Amino acid sequence: MSDHVRLTTARGVPVHSDLAALLDSPSAPVKTGCGFHDVREILRAAGLRPTRQRLMLGWLLFSKGHRHVTAELLYTEATRAKAAVSLATVYNTLHQFTEAGLLRQLAVDGTKSYFDTNVAVHHHFFVEDDQVLIDIPNGMLPAGSLPAAPAELPAGMELVGVELIVRVRRKGRRAMARQSGEA
């Protein structure tokens with residue numbers, strides 16, 4: 001086992017003290033092949049009680065690799081999986097997972113938030129036509145330094161990161177919309 005992953009126990013179940021290593025390391029001992037067991041350990045490591053709803057939604061989120069979902073998409077997937085959850089429960093769970101560091105919330109526009117299972121710092125393309133986020137591969141954008149915090153920020157504030165979303169759409173879409181009177 002690597003030095004950066006230390007196991008402790010909670011109720012006799014191994015719990016990782018390094019959540020990032022738990023989620024990203026292919027050699028982490030939690031990868032048992034049993035999705036619910038793995039999600040239960042991820043939730044416990046994040047300090048969340050593994051309720052039936054959290055287990056089901058966590059399994060839907062994390063069993064498919066890194067992905068971007070909206071609350072509505074996850075609710076649809078949960079409904080298809082015959083999970084008894086409301087849309088409000090999905091929203092609450094997504095926000096709890098985000099606060100626990102299991103997800104990143106991305107506000108693409110003022111009306112819709114996406115939740116990313118890849119919590120590492122990275123950037124995105126947003127395909128406006130399809131309302132889809134795609135990860136920008138590392139190294140594709142030049143790495144730069146952050147600007148100094150402006151003097152207008154309240155005392156004690158600091159810059160913590162930059163998240164870039166590059167919007168793309170099919171060529172000619174705006175011209176076609178104007179011709180049909182939609183613009």
# chains A, B, ... in the order shown; residues from 1 in each chain; ligands from 1
>>> select_by_dssp(residues="segment 77-173 of chain A", states="helix (DSSP H, G or I)", output="PyMOL selection string")
chain A and resi 77-80+87-99+173
>>> closest_atom_pairs(of="segment 34-100 of chain A", to="segment 131-136 of chain A", cutoff="12 Å", atoms="only C-alpha atoms", output="JSON lines")
{"residue": "A:His66", "atom": "CA", "partner": "A:Asp135", "partner_atom": "CA", "distance": 9.6}
{"residue": "A:Arg67", "atom": "CA", "partner": "A:Ile134", "partner_atom": "CA", "distance": 8.7}
{"residue": "A:His68", "atom": "CA", "partner": "A:Leu133", "partner_atom": "CA", "distance": 6.6}
{"residue": "A:Val69", "atom": "CA", "partner": "A:Leu133", "partner_atom": "CA", "distance": 8.9}
{"residue": "A:Thr70", "atom": "CA", "partner": "A:Val132", "partner_atom": "CA", "distance": 10.0}
{"residue": "A:Leu73", "atom": "CA", "partner": "A:Val132", "partner_atom": "CA", "distance": 11.5}
>>> closest_residue(among="A:Val127, A:Ala107, A:Lys64, A:Thr98", to="Glu163 of chain A", atoms="only C-alpha atoms")
A:Ala107
>>> select_by_dssp(residues="segment 41-162 of chain A", states="strand (DSSP E)", output="PyMOL selection string")
chain A and resi 68-69+104-107+113-116+123-127+132-136
>>> residues_around(residues="Arg167 of chain A", least_positions_apart="3", cutoff="8 Å", atoms="only C-alpha atoms", output="NGL selection string")
:A and (125-128)
>>> residues_around(residues="Leu43 of chain A", least_positions_apart="4", cutoff="9 Å", atoms="only C-alpha atoms", output="number ranges by chain")
A: 38-39, 47-50, 54-55, 58, 97, 100, 102
>>> atom_distance(atom1="atom CA of Asn92 of chain A", atom2="atom CA of Leu164 of chain A")
25.7 Å
>>> residues_around(residues="Trp59 of chain A", least_positions_apart="3", cutoff="8 Å", atoms="only C-alpha atoms", output="PDB file with C-alpha atoms, in the first residue's frame")
ATOM      1  CA  GLY A  35     -20.110  -1.061  -6.487  1.00  0.00           C
ATOM      2  CA  PHE A  36     -22.176  -0.621  -3.327  1.00  0.00           C
ATOM      3  CA  VAL A  39     -19.480   3.605  -2.619  1.00  0.00           C
ATOM      4  CA  LEU A  55     -25.625   4.604  -1.840  1.00  0.00           C
ATOM      5  CA  MET A  56     -27.873   4.359  -4.890  1.00  0.00           C
ATOM      6  CA  PHE A  62     -19.207   6.825  -9.519  1.00  0.00           C
ATOM      7  CA  SER A  63     -19.650   3.433 -11.201  1.00  0.00           C
TER       8      SER A  63
END
>>> decode(residues="segment 140-165 of chain A", atoms="N, CA, C and O atoms", output="short mmCIF file (atom, residue, chain, number, x, y, z; two decimals), in the first residue's frame")
data_model
loop_
_atom_site.label_atom_id
_atom_site.label_comp_id
_atom_site.auth_asym_id
_atom_site.auth_seq_id
_atom_site.Cartn_x
_atom_site.Cartn_y
_atom_site.Cartn_z
N MET A 140 -3.36 20.95 -22.69
CA MET A 140 -3.89 21.56 -23.91
C MET A 140 -3.93 23.09 -23.79
O MET A 140 -3.86 23.79 -24.78
N LEU A 141 -4.06 23.59 -22.57
CA LEU A 141 -4.05 25.03 -22.32
C LEU A 141 -2.74 25.39 -21.63
O LEU A 141 -2.26 24.63 -20.78
N PRO A 142 -2.18 26.55 -21.96
CA PRO A 142 -0.93 26.93 -21.29
C PRO A 142 -1.17 27.19 -19.80
O PRO A 142 -2.17 27.79 -19.42
N ALA A 143 -0.28 26.69 -18.99
CA ALA A 143 -0.37 26.91 -17.55
C ALA A 143 0.18 28.30 -17.25
O ALA A 143 1.24 28.67 -17.73
N GLY A 144 -0.57 29.06 -16.49
CA GLY A 144 -0.13 30.41 -16.15
C GLY A 144 -0.31 30.66 -14.67
O GLY A 144 -0.93 29.88 -13.96
N SER A 145 0.23 31.75 -14.25
CA SER A 145 0.09 32.08 -12.84
C SER A 145 -1.20 32.87 -12.63
O SER A 145 -1.72 33.49 -13.55
N LEU A 146 -1.71 32.81 -11.42
CA LEU A 146 -2.92 33.55 -11.08
C LEU A 146 -2.58 35.01 -10.85
O LEU A 146 -1.51 35.33 -10.33
N PRO A 147 -3.48 35.91 -11.20
CA PRO A 147 -3.23 37.32 -10.91
C PRO A 147 -3.33 37.56 -9.41
O PRO A 147 -3.90 36.76 -8.67
N ALA A 148 -2.76 38.68 -8.96
CA ALA A 148 -2.88 39.04 -7.55
C ALA A 148 -4.34 39.37 -7.25
O ALA A 148 -5.09 39.84 -8.11
N ALA A 149 -4.76 39.10 -6.02
CA ALA A 149 -6.13 39.40 -5.62
C ALA A 149 -6.35 40.91 -5.67
O ALA A 149 -5.50 41.68 -5.23
N PRO A 150 -7.48 41.36 -6.21
CA PRO A 150 -7.74 42.81 -6.27
C PRO A 150 -7.94 43.40 -4.88
O PRO A 150 -8.38 42.71 -3.95
N ALA A 151 -7.62 44.65 -4.74
CA ALA A 151 -7.72 45.34 -3.45
C ALA A 151 -9.16 45.41 -2.96
O ALA A 151 -9.39 45.57 -1.76
N GLU A 152 -10.14 45.30 -3.86
CA GLU A 152 -11.55 45.41 -3.48
C GLU A 152 -12.06 44.21 -2.69
O GLU A 152 -13.14 44.26 -2.11
N LEU A 153 -11.33 43.11 -2.69
CA LEU A 153 -11.77 41.93 -1.94
C LEU A 153 -11.69 42.22 -0.44
O LEU A 153 -10.78 42.90 0.02
N PRO A 154 -12.64 41.68 0.33
CA PRO A 154 -12.57 41.85 1.77
C PRO A 154 -11.29 41.24 2.33
O PRO A 154 -10.70 40.33 1.75
N ALA A 155 -10.85 41.75 3.46
CA ALA A 155 -9.63 41.26 4.11
C ALA A 155 -9.74 39.76 4.35
O ALA A 155 -10.80 39.23 4.67
N GLY A 156 -8.63 39.06 4.17
CA GLY A 156 -8.59 37.63 4.42
C GLY A 156 -8.99 36.76 3.24
O GLY A 156 -8.98 35.54 3.34
N MET A 157 -9.35 37.37 2.12
CA MET A 157 -9.73 36.61 0.93
C MET A 157 -8.50 36.34 0.08
O MET A 157 -7.57 37.12 0.06
N GLU A 158 -8.51 35.20 -0.62
CA GLU A 158 -7.41 34.87 -1.50
C GLU A 158 -7.95 34.18 -2.74
O GLU A 158 -9.02 33.57 -2.71
N LEU A 159 -7.22 34.27 -3.84
CA LEU A 159 -7.57 33.54 -5.05
C LEU A 159 -7.19 32.09 -4.85
O LEU A 159 -6.11 31.78 -4.37
N VAL A 160 -8.11 31.18 -5.20
CA VAL A 160 -7.85 29.76 -4.98
C VAL A 160 -7.79 28.95 -6.28
O VAL A 160 -7.35 27.81 -6.26
N GLY A 161 -8.24 29.52 -7.37
CA GLY A 161 -8.19 28.76 -8.60
C GLY A 161 -8.91 29.44 -9.74
O GLY A 161 -9.59 30.44 -9.54
N VAL A 162 -8.72 28.88 -10.90
CA VAL A 162 -9.37 29.37 -12.11
C VAL A 162 -10.00 28.17 -12.80
O VAL A 162 -9.35 27.14 -12.98
N GLU A 163 -11.26 28.30 -13.16
CA GLU A 163 -11.95 27.26 -13.91
C GLU A 163 -12.40 27.86 -15.22
O GLU A 163 -13.16 28.81 -15.25
N LEU A 164 -11.90 27.30 -16.30
CA LEU A 164 -12.19 27.82 -17.62
C LEU A 164 -13.20 26.92 -18.31
O LEU A 164 -13.05 25.70 -18.33
N ILE A 165 -14.25 27.54 -18.86
CA ILE A 165 -15.22 26.81 -19.66
C ILE A 165 -15.23 27.45 -21.04
O ILE A 165 -15.54 28.63 -21.20
#
